[in-house]
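**Q** My structure is stored as my_file.json, with JSON, C-alpha atoms.
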```json
[["chain", "number", "residue", "atom", "x", "y", "z"],
["A", 21, "MET", "CA", -19.25, 42.03, 93.16],
["A", 22, "LYS", "CA", -17.49, 44.39, 90.75],
["A", 23, "ARG", "CA", -14.97, 43.34, 88.19],
["A", 24, "ASN", "CA", -11.53, 44.93, 88.19],
["A", 25, "GLN", "CA", -11.06, 47.71, 85.69],
["A", 26, "ILE", "CA", -7.40, 48.35, 84.84],
["A", 27, "ILE", "CA", -6.32, 51.34, 82.77],
["A", 28, "VAL", "CA", -2.98, 50.76, 81.07],
["A", 29, "GLU", "CA", -1.03, 53.72, 79.69],
["A", 30, "THR", "CA", 1.05, 52.90, 76.62],
["A", 31, "LYS", "CA", 3.09, 54.76, 74.04],
["A", 32, "ARG", "CA", 1.95, 54.48, 70.45],
["A", 33, "LYS", "CA", 4.53, 53.22, 68.01],
["A", 34, "VAL", "CA", 6.09, 55.91, 65.81],
["A", 35, "LYS", "CA", 6.14, 55.11, 62.12],
["A", 36, "LYS", "CA", 9.49, 54.00, 60.75],
["A", 37, "PHE", "CA", 10.78, 55.41, 57.47],
["A", 38, "GLY", "CA", 12.90, 53.47, 55.00],
["A", 39, "LEU", "CA", 15.03, 54.51, 52.04],
["A", 40, "ALA", "CA", 15.67, 52.28, 49.00],
["A", 41, "LEU", "CA", 18.47, 53.31, 46.65],
["A", 42, "GLY", "CA", 18.42, 51.72, 43.21],
["A", 43, "GLY", "CA", 21.26, 50.56, 40.97],
["A", 44, "GLY", "CA", 22.51, 52.29, 37.86],
["A", 45, "GLY", "CA", 26.29, 52.55, 37.82],
["A", 46, "ALA", "CA", 27.72, 56.05, 37.49],
["A", 47, "ARG", "CA", 24.20, 57.48, 37.56],
["A", 48, "GLY", "CA", 24.46, 56.87, 41.29],
["A", 49, "PHE", "CA", 25.95, 60.36, 41.58],
["A", 50, "SER", "CA", 22.34, 61.54, 41.50],
["A", 51, "HIS", "CA", 21.69, 59.65, 44.74],
["A", 52, "ILE", "CA", 24.06, 62.09, 46.43],
["A", 53, "GLY", "CA", 21.97, 65.01, 45.20],
["A", 54, "ALA", "CA", 18.91, 63.36, 46.73],
["A", 55, "LEU", "CA", 20.72, 63.04, 50.06],
["A", 56, "LYS", "CA", 21.54, 66.75, 49.93],
["A", 57, "ALA", "CA", 17.85, 67.59, 49.56],
["A", 58, "PHE", "CA", 16.96, 65.27, 52.45],
["A", 59, "GLU", "CA", 19.59, 66.95, 54.64],
["A", 60, "GLU", "CA", 18.26, 70.43, 53.93],
["A", 61, "HIS", "CA", 14.80, 69.38, 55.13],
["A", 62, "ASN", "CA", 16.07, 67.33, 58.07],
["A", 63, "ILE", "CA", 14.60, 64.15, 56.60],
["A", 64, "LYS", "CA", 16.18, 61.15, 58.28],
["A", 65, "PHE", "CA", 15.59, 57.45, 57.78],
["A", 66, "ASP", "CA", 15.33, 54.53, 60.18],
["A", 67, "TYR", "CA", 16.43, 51.88, 57.68],
["A", 68, "ILE", "CA", 18.35, 51.93, 54.39],
["A", 69, "ALA", "CA", 18.57, 49.34, 51.62],
["A", 70, "GLY", "CA", 20.67, 49.60, 48.49],
["A", 71, "THR", "CA", 21.42, 47.69, 45.32],
["A", 72, "SER", "CA", 24.69, 48.08, 43.38],
["A", 73, "VAL", "CA", 25.76, 51.75, 43.42],
["A", 74, "GLY", "CA", 22.77, 52.31, 45.69],
["A", 75, "ALA", "CA", 24.50, 50.02, 48.18],
["A", 76, "ILE", "CA", 27.62, 52.22, 48.06],
["A", 77, "ILE", "CA", 25.68, 55.41, 48.74],
["A", 78, "GLY", "CA", 23.37, 53.71, 51.24],
["A", 79, "ALA", "CA", 26.26, 52.27, 53.23],
["A", 80, "SER", "CA", 27.96, 55.68, 53.26],
["A", 81, "LEU", "CA", 24.80, 57.38, 54.54],
["A", 82, "ALA", "CA", 24.36, 54.68, 57.18],
["A", 83, "ALA", "CA", 27.96, 55.25, 58.28],
["A", 84, "GLY", "CA", 27.30, 58.96, 58.82],
["A", 85, "LYS", "CA", 28.71, 60.52, 55.64],
["A", 86, "THR", "CA", 27.16, 63.78, 54.43],
["A", 87, "ALA", "CA", 26.18, 64.63, 50.87],
["A", 88, "ASP", "CA", 28.97, 67.18, 50.59],
["A", 89, "GLU", "CA", 31.55, 64.61, 51.66],
["A", 90, "LEU", "CA", 30.24, 62.11, 49.13],
["A", 91, "LEU", "CA", 30.15, 64.67, 46.31],
["A", 92, "LYS", "CA", 33.78, 65.60, 46.99],
["A", 93, "LEU", "CA", 34.71, 61.93, 46.72],
["A", 94, "ALA", "CA", 32.63, 61.44, 43.57],
["A", 95, "LEU", "CA", 34.29, 64.35, 41.77],
["A", 96, "SER", "CA", 37.73, 62.91, 42.53],
["A", 97, "LEU", "CA", 37.05, 59.40, 41.23],
["A", 98, "ARG", "CA", 38.64, 58.00, 38.09],
["A", 99, "GLU", "CA", 37.57, 54.88, 36.24],
["A", 100, "ARG", "CA", 40.81, 53.10, 37.12],
["A", 101, "ASP", "CA", 39.97, 53.62, 40.81],
["A", 102, "ILE", "CA", 36.95, 51.37, 40.32],
["A", 103, "ARG", "CA", 38.04, 48.91, 37.66],
["A", 104, "THR", "CA", 41.52, 47.44, 38.01],
["A", 105, "ASN", "CA", 41.47, 45.37, 34.82],
["A", 106, "PHE", "CA", 40.78, 46.73, 31.34],
["A", 107, "VAL", "CA", 41.67, 43.64, 29.30],
["A", 108, "PRO", "CA", 38.82, 43.07, 26.79],
["A", 109, "LEU", "CA", 36.38, 40.30, 27.70],
["A", 110, "THR", "CA", 38.10, 39.84, 31.07],
["A", 111, "PRO", "CA", 36.15, 40.91, 34.15],
["A", 112, "SER", "CA", 37.82, 43.04, 36.80],
["A", 113, "LYS", "CA", 38.00, 42.17, 40.46],
["A", 114, "THR", "CA", 36.13, 44.43, 42.90],
["A", 115, "ASP", "CA", 39.30, 45.35, 44.81],
["A", 116, "GLY", "CA", 38.99, 48.97, 43.69],
["A", 117, "ILE", "CA", 35.45, 49.30, 45.07],
["A", 118, "GLU", "CA", 36.46, 47.71, 48.36],
["A", 119, "LYS", "CA", 39.48, 50.02, 48.65],
["A", 120, "ILE", "CA", 37.34, 53.14, 48.14],
["A", 121, "LEU", "CA", 34.90, 52.01, 50.81],
["A", 122, "ILE", "CA", 37.59, 51.09, 53.34],
["A", 123, "GLU", "CA", 39.51, 54.34, 52.80],
["A", 124, "ASN", "CA", 36.37, 56.45, 53.31],
["A", 125, "LEU", "CA", 34.31, 54.44, 55.79],
["A", 126, "GLY", "CA", 36.91, 52.24, 57.44],
["A", 127, "ASP", "CA", 37.25, 48.46, 57.39],
["A", 128, "ILE", "CA", 34.05, 48.07, 59.35],
["A", 129, "GLU", "CA", 31.21, 45.63, 59.96],
["A", 130, "PHE", "CA", 27.50, 46.24, 59.43],
["A", 131, "SER", "CA", 27.16, 46.40, 63.21],
["A", 132, "ASP", "CA", 29.36, 49.53, 63.25],
["A", 133, "LEU", "CA", 26.88, 51.56, 61.18],
["A", 134, "LYS", "CA", 24.78, 54.34, 62.70],
["A", 135, "ILE", "CA", 21.65, 53.37, 60.77],
["A", 136, "PRO", "CA", 20.55, 49.79, 59.98],
["A", 137, "PHE", "CA", 21.54, 48.98, 56.40],
["A", 138, "CYS", "CA", 21.03, 46.11, 53.96],
["A", 139, "ALA", "CA", 23.07, 45.35, 50.84],
["A", 140, "VAL", "CA", 20.98, 43.51, 48.25],
["A", 141, "VAL", "CA", 22.91, 40.89, 46.26],
["A", 142, "VAL", "CA", 22.42, 37.74, 44.23],
["A", 143, "ASP", "CA", 24.09, 34.48, 45.22],
["A", 144, "ILE", "CA", 25.02, 33.16, 41.80],
["A", 145, "LYS", "CA", 25.53, 29.66, 43.24],
["A", 146, "THR", "CA", 21.84, 29.35, 43.94],
["A", 147, "GLY", "CA", 20.38, 32.15, 41.81],
["A", 148, "THR", "CA", 18.66, 33.65, 44.84],
["A", 149, "GLU", "CA", 18.39, 37.16, 46.23],
["A", 150, "LEU", "CA", 20.20, 37.75, 49.51],
["A", 151, "HIS", "CA", 19.80, 40.58, 52.01],
["A", 152, "ILE", "CA", 23.14, 41.04, 53.75],
["A", 153, "THR", "CA", 23.08, 42.81, 57.11],
["A", 154, "LYS", "CA", 26.03, 41.19, 58.86],
["A", 155, "GLY", "CA", 29.74, 40.79, 58.25],
["A", 156, "ASN", "CA", 32.30, 42.91, 56.43],
["A", 157, "LEU", "CA", 30.64, 45.96, 54.90],
["A", 158, "ALA", "CA", 33.06, 46.64, 52.05],
["A", 159, "LYS", "CA", 33.01, 43.02, 50.87],
["A", 160, "ALA", "CA", 29.21, 42.82, 50.87],
["A", 161, "VAL", "CA", 28.75, 46.15, 49.09],
["A", 162, "ALA", "CA", 31.34, 45.19, 46.48],
["A", 163, "GLY", "CA", 29.33, 42.03, 45.86],
["A", 164, "SER", "CA", 26.20, 44.09, 45.33],
["A", 165, "CYS", "CA", 28.12, 46.09, 42.67],
["A", 166, "ALA", "CA", 29.62, 43.10, 40.84],
["A", 167, "VAL", "CA", 27.93, 43.41, 37.44],
["A", 168, "PRO", "CA", 28.40, 40.14, 35.51],
["A", 169, "GLY", "CA", 30.85, 40.49, 32.64],
["A", 170, "ILE", "CA", 32.37, 43.67, 34.10],
["A", 171, "PHE", "CA", 33.35, 42.35, 37.53],
["A", 172, "SER", "CA", 34.16, 38.92, 38.90],
["A", 173, "PRO", "CA", 31.81, 37.56, 41.57],
["A", 174, "VAL", "CA", 32.72, 38.21, 45.20],
["A", 175, "GLU", "CA", 33.26, 35.41, 47.68],
["A", 176, "PHE", "CA", 31.35, 36.09, 50.89],
["A", 177, "GLY", "CA", 31.43, 33.15, 53.27],
["A", 178, "GLU", "CA", 29.75, 30.26, 51.49],
["A", 179, "HIS", "CA", 28.16, 32.61, 48.95],
["A", 180, "LEU", "CA", 29.33, 33.90, 45.57],
["A", 181, "LEU", "CA", 27.91, 37.38, 45.07],
["A", 182, "PHE", "CA", 26.82, 39.25, 41.97],
["A", 183, "ASP", "CA", 24.97, 42.53, 41.45],
["A", 184, "GLY", "CA", 21.61, 42.57, 43.26],
["A", 185, "GLY", "CA", 20.10, 44.30, 40.23],
["A", 186, "LEU", "CA", 19.83, 40.91, 38.53],
["A", 187, "ILE", "CA", 16.72, 40.35, 40.65],
["A", 188, "ASN", "CA", 15.89, 43.48, 42.66],
["A", 189, "THR", "CA", 17.05, 46.79, 41.20],
["A", 190, "ILE", "CA", 15.16, 49.11, 43.57],
["A", 191, "PRO", "CA", 14.87, 47.24, 46.91],
["A", 192, "ALA", "CA", 11.89, 49.10, 48.38],
["A", 193, "ASN", "CA", 10.49, 45.84, 49.70],
["A", 194, "VAL", "CA", 13.45, 45.40, 52.05],
["A", 195, "PRO", "CA", 12.62, 48.29, 54.44],
["A", 196, "LYS", "CA", 9.02, 47.06, 54.47],
["A", 197, "LEU", "CA", 10.26, 43.61, 55.51],
["A", 198, "ASN", "CA", 12.10, 45.34, 58.35],
["A", 199, "ASN", "CA", 9.11, 47.08, 59.92],
["A", 200, "CYS", "CA", 9.18, 50.34, 57.94],
["A", 201, "GLN", "CA", 5.66, 51.60, 57.35],
["A", 202, "ILE", "CA", 6.79, 54.18, 54.78],
["A", 203, "THR", "CA", 9.52, 53.74, 52.15],
["A", 204, "ILE", "CA", 11.00, 56.29, 49.76],
["A", 205, "GLY", "CA", 12.56, 54.80, 46.63],
["A", 206, "ILE", "CA", 14.98, 56.34, 44.14],
["A", 207, "ASP", "CA", 15.10, 55.02, 40.57],
["A", 208, "ILE", "CA", 18.17, 56.41, 38.81],
["A", 209, "ASN", "CA", 17.53, 54.49, 35.60],
["A", 210, "SER", "CA", 13.84, 55.09, 34.97],
["A", 211, "THR", "CA", 14.29, 55.19, 31.17],
["A", 212, "ARG", "CA", 15.42, 51.55, 31.01],
["A", 213, "GLY", "CA", 13.47, 49.47, 28.52],
["A", 214, "SER", "CA", 12.69, 52.44, 26.27],
["A", 215, "GLY", "CA", 13.71, 50.54, 23.13],
["A", 216, "ALA", "CA", 16.51, 50.61, 20.54],
["A", 217, "LYS", "CA", 17.78, 53.65, 18.70],
["A", 218, "SER", "CA", 18.80, 51.64, 15.65],
["A", 219, "LYS", "CA", 19.03, 48.13, 14.22],
["A", 220, "LYS", "CA", 22.73, 47.86, 15.06],
["A", 221, "TYR", "CA", 23.68, 44.71, 16.97],
["A", 222, "PHE", "CA", 24.85, 46.37, 20.19],
["A", 223, "ASP", "CA", 21.92, 48.81, 20.22],
["A", 224, "LEU", "CA", 19.49, 45.90, 19.95],
["A", 225, "LEU", "CA", 21.38, 43.92, 22.57],
["A", 226, "GLY", "CA", 21.42, 46.86, 24.98],
["A", 227, "ALA", "CA", 17.72, 47.51, 24.40],
["A", 228, "SER", "CA", 16.91, 43.85, 25.06],
["A", 229, "ILE", "CA", 18.80, 43.88, 28.34],
["A", 230, "GLY", "CA", 16.99, 47.08, 29.30],
["A", 231, "VAL", "CA", 13.61, 45.44, 28.69],
["A", 232, "MET", "CA", 14.59, 42.48, 30.88],
["A", 233, "MET", "CA", 15.91, 44.74, 33.62],
["A", 234, "LYS", "CA", 12.70, 46.78, 33.62],
["A", 235, "SER", "CA", 10.83, 43.83, 35.08],
["A", 236, "ASN", "CA", 13.17, 43.93, 38.08],
["A", 237, "THR", "CA", 11.84, 47.34, 39.06],
["A", 238, "ILE", "CA", 8.23, 46.21, 39.53],
["A", 239, "LYS", "CA", 8.81, 45.08, 43.11],
["A", 240, "GLY", "CA", 10.38, 48.45, 43.89],
["A", 241, "TYR", "CA", 7.49, 50.47, 42.51],
["A", 242, "LEU", "CA", 4.91, 48.31, 44.27],
["A", 243, "ASN", "CA", 6.59, 48.78, 47.66],
["A", 244, "ALA", "CA", 7.67, 52.43, 47.47],
["A", 245, "ASP", "CA", 5.22, 54.98, 48.85],
["A", 246, "ILE", "CA", 7.05, 57.68, 46.90],
["A", 247, "MET", "CA", 9.42, 57.04, 43.98],
["A", 248, "ILE", "CA", 11.94, 59.71, 43.01],
["A", 249, "GLN", "CA", 12.94, 59.58, 39.32],
["A", 250, "PRO", "CA", 15.84, 61.79, 38.25],
["A", 251, "ASN", "CA", 16.00, 62.37, 34.48],
["A", 252, "LEU", "CA", 19.38, 60.85, 33.64],
["A", 253, "LYS", "CA", 18.75, 59.63, 30.11],
["A", 254, "GLU", "CA", 21.63, 61.64, 28.65],
["A", 255, "PHE", "CA", 24.17, 60.09, 31.05],
["A", 256, "LYS", "CA", 25.80, 56.69, 30.73],
["A", 257, "SER", "CA", 25.93, 54.27, 33.63],
["A", 258, "THR", "CA", 29.47, 53.30, 32.58],
["A", 259, "LYS", "CA", 30.97, 56.81, 32.39],
["A", 260, "LEU", "CA", 31.96, 59.05, 35.30],
["A", 261, "ALA", "CA", 31.67, 62.23, 33.22],
["A", 262, "GLY", "CA", 28.89, 64.54, 34.39],
["A", 263, "ALA", "CA", 29.08, 63.79, 38.12],
["A", 264, "GLN", "CA", 28.11, 67.35, 39.13],
["A", 265, "GLU", "CA", 25.25, 67.47, 36.62],
["A", 266, "MET", "CA", 23.89, 64.13, 37.85],
["A", 267, "PHE", "CA", 24.15, 65.36, 41.44],
["A", 268, "ASP", "CA", 22.17, 68.46, 40.45],
["A", 269, "GLU", "CA", 19.47, 66.40, 38.74],
["A", 270, "GLY", "CA", 19.12, 64.11, 41.76],
["A", 271, "TYR", "CA", 18.75, 67.18, 43.96],
["A", 272, "ARG", "CA", 16.15, 68.73, 41.62],
["A", 273, "ALA", "CA", 14.06, 65.56, 41.32],
["A", 274, "THR", "CA", 14.06, 65.08, 45.08],
["A", 275, "GLN", "CA", 13.10, 68.68, 45.78],
["A", 276, "GLU", "CA", 10.03, 68.10, 43.60],
["A", 277, "LYS", "CA", 8.93, 65.31, 45.93],
["A", 278, "ILE", "CA", 9.81, 67.05, 49.21],
["A", 279, "PRO", "CA", 6.24, 68.37, 49.83],
["A", 280, "GLU", "CA", 4.85, 64.82, 49.55],
["A", 281, "ILE", "CA", 7.59, 63.41, 51.76],
["A", 282, "LEU", "CA", 7.09, 66.07, 54.41],
["A", 283, "LYS", "CA", 3.38, 65.26, 54.53],
["A", 284, "LEU", "CA", 4.26, 61.66, 55.35],
["A", 285, "PHE", "CA", 6.70, 62.81, 58.02],
["A", 286, "ALA", "CA", 4.02, 65.11, 59.48],
["A", 287, "LYS", "CA", 1.71, 62.11, 59.84],
["A", 288, "ARG", "CA", 4.55, 60.29, 61.54],
["A", 289, "LYS", "CA", 4.83, 63.04, 64.14],
["A", 290, "GLU", "CA", 1.09, 63.06, 64.74],
["A", 291, "LYS", "CA", 1.33, 59.45, 65.89],
["A", 292, "LYS", "CA", 3.54, 60.40, 68.80],
["A", 293, "GLY", "CA", 1.81, 60.50, 72.16],
["A", 294, "ARG", "CA", 0.14, 58.20, 74.61],
["A", 295, "GLY", "CA", -2.89, 56.01, 74.31],
["A", 296, "PHE", "CA", -5.15, 54.56, 76.98],
["A", 297, "PHE", "CA", -6.59, 51.06, 76.82],
["A", 298, "LYS", "CA", -9.09, 49.51, 79.21],
["A", 299, "PHE", "CA", -8.99, 45.85, 80.17],
["A", 300, "TRP", "CA", -11.59, 44.00, 82.23],
["A", 301, "LEU", "CA", -10.51, 41.08, 84.37],
["A", 302, "GLY", "CA", -12.82, 38.24, 85.13],
["A", 303, "LYS", "CA", -11.73, 37.85, 88.79],
["A", 304, "LYS", "CA", -13.87, 39.15, 91.63],
["A", 305, "ASP", "CA", -12.67, 41.90, 93.94],
["A", 306, "GLN", "CA", -11.00, 40.74, 97.08],
["A", 307, "ARG", "CA", -12.56, 42.02, 100.26],
["A", 308, "ILE", "CA", -10.23, 43.79, 102.62]]
```
In structure tokens, write the structure found in this file.

**A**
Amino acid sequence: MKRNQIIVETKRKVKKFGLALGGGGARGFSHIGALKAFEEHNIKFDYIAGTSVGAIIGASLAAGKTADELLKLALSLRERDIRTNFVPLTPSKTDGIEKILIENLGDIEFSDLKIPFCAVVVDIKTGTELHITKGNLAKAVAGSCAVPGIFSPVEFGEHLLFDGGLINTIPANVPKLNNCQITIGIDINSTRGSGAKSKKYFDLLGASIGVMMKSNTIKGYLNADIMIQPNLKEFKSTKLAGAQEMFDEGYRATQEKIPEILKLFAKRKEKKGRGFFKFWLGKKDQRI
């Protein structure tokens, strides 16, 4: 008696690509330049994760905004649009950030986005990292941007949200946790932890914070297959001046990496097609 031989035709899984946008305040204008370079080469992503300003740009990309649209918005922003309170030693609410998002993306939920997106935050009640993928988009993104001391924490259900950069500045691990085989990361503050320029109190304090924050990038670098690093040392994360120049630098740095990225995308395309697998069953043939 012969055993049954069954040939099953299946489609191979296509590799999924993720994008991780790091935090860095106003230096986030360079993220928009990176998006412009991606657009020119028709590079699209299956999953996006963002921390702080990276969450703003990531949410906008996931909602369908183009780089040109985002640059136009960036050039029109004023500091008072973002911070609503300038009283010394008094943090501002995130109302300004939420208003910008709602006016440009709509008062939408994560489920309304065109591309799956995750806002990385810290729940200051528990000190843990949270990956928000459900609920009100503007509120969650504002929480991811709430830098302690500059902004008040954001209430989000039972959670109290602060900037995700406290734990995970470049969230390249998040796309990997969501079935992305390849992740591109963008570090817009790669010179953090470079030391103090003088012995002045605030220079030493800033340098110390930079050293601590540098450790938060390790996870990002370990999980990113390619890390884009715009040179933004001359720009301040707290100042909006230089938006066009930061955009240009983000575009330049990304263009440098385009050949590597396209090679990964080429491998992705090679995986498309059908495979054939043989299975042998232990049952005997039935006689007819």

**Q** Between CA of Gly169 in chain A and CA of Ile144 in chain A, what is the spacing in Å?

**A**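 Atom-to-atom, CA of Ile144 in chain A and CA of Gly169 in chain A are spaced 13.1 Å apart.
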
**Q** Nearest residue to Ala166 in chain A out of A:Ile238, A:Val194, A:Ile135, A:Ile102, using all atoms listed in the file?

**A**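 Ranked by minimum distance to Ala166 in chain A, first place goes to A:Ile102.
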
**Q** Measure the distance from CA of Phe285 in chain A to CA of Val34 in chain A in Å and round it to one decimal.

**A**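 Separation of CA of Phe285 in chain A and CA of Val34 in chain A: 10.4 Å.
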
**Q** Report as JSON, numbers by chain all protein, DNA and RNA residues lying within 10 Å of Thr71 in chain A, evaluated on all atoms listed in the file, omitting residues in the same chain fewer than 3 positions from it.

**A** {"A": [40, 41, 42, 43, 44, 74, 75, 76, 77, 78, 138, 139, 140, 141, 151, 161, 163, 164, 165, 183, 184, 185, 186, 187, 188, 189, 190, 191]}

**Q** Taking only C-alpha atoms into account, which of A:Lys256, A:Lys196, A:Lys239, A:Arg272 comes nearest Gly48 in chain A?

**A**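 With only C-alpha atoms as the atom set, the closest residue is A:Lys256.
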
**Q** Counting all atoms listed in the file, figure out which residue out of A:Lys159, A:Lys283, A:Lys145, A:Lys36 gets nearest to Ile128 in chain A.

**A**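 Closest to Ile128 in chain A of all the choices is A:Lys159.
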
**Q** In file coordinates, which residues lie within 10 Å of (29.1, 69.8, 47.0) using all atoms listed in the file, given as a VMD selection string?

**A** chain A and resid 52 to 53 56 86 to 95 264 267 to 268

**Q** Which one of A:Val174, A:Cys200, A:Ile246, A:Leu260 sits closest to Asp101 in chain A if you count only C-alpha atoms?

**A**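 Smallest distance to Asp101 in chain A is found for A:Leu260.
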
**Q** Mind checking which residues fall within 9 Å of Ala54 in chain A, counting all atoms listed in the file, ignoring those fewer than 3 positions away in the same chain, and posting them as a compact mmCIF listing (two decimals) with C-alpha atoms, in the frame of the given file?

**A**
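For reference, result-v9.txt as written:
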```txt
# COMPACT_ATOMS: atom_id res chain seq x y z
CA SER A 50 22.34 61.54 41.50
CA HIS A 51 21.69 59.65 44.74
CA ALA A 57 17.85 67.59 49.56
CA PHE A 58 16.96 65.27 52.45
CA GLU A 59 19.59 66.95 54.64
CA ALA A 87 26.18 64.63 50.87
CA ILE A 206 14.98 56.34 44.14
CA ILE A 248 11.94 59.71 43.01
CA PHE A 267 24.15 65.36 41.44
CA ASP A 268 22.17 68.46 40.45
CA GLU A 269 19.47 66.40 38.74
CA GLY A 270 19.12 64.11 41.76
CA TYR A 271 18.75 67.18 43.96
CA ARG A 272 16.15 68.73 41.62
CA ALA A 273 14.06 65.56 41.32
CA THR A 274 14.06 65.08 45.08
CA GLN A 275 13.10 68.68 45.78
```

**Q** Find, counting only C-alpha atoms, the residue in A:Leu252, A:Ile278, A:Leu39, A:Leu55 that gets nearest to Ala192 in chain A.

**A** A:Leu39

**Q** Let me make sure I understand: among A:Glu276, A:Asp245, A:Asp115, A:Asp207, which one has the smallest atom-to-atom distance to Val73 in chain A if we use only C-alpha atoms?

**A** A:Asp207

**Q** For CA of His61 in chain A and CA of Leu282 in chain A, determine how far apart the two atoms are, in Å to one decimal place.

**A**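 Between CA of His61 in chain A and CA of Leu282 in chain A the gap is 8.4 Å.
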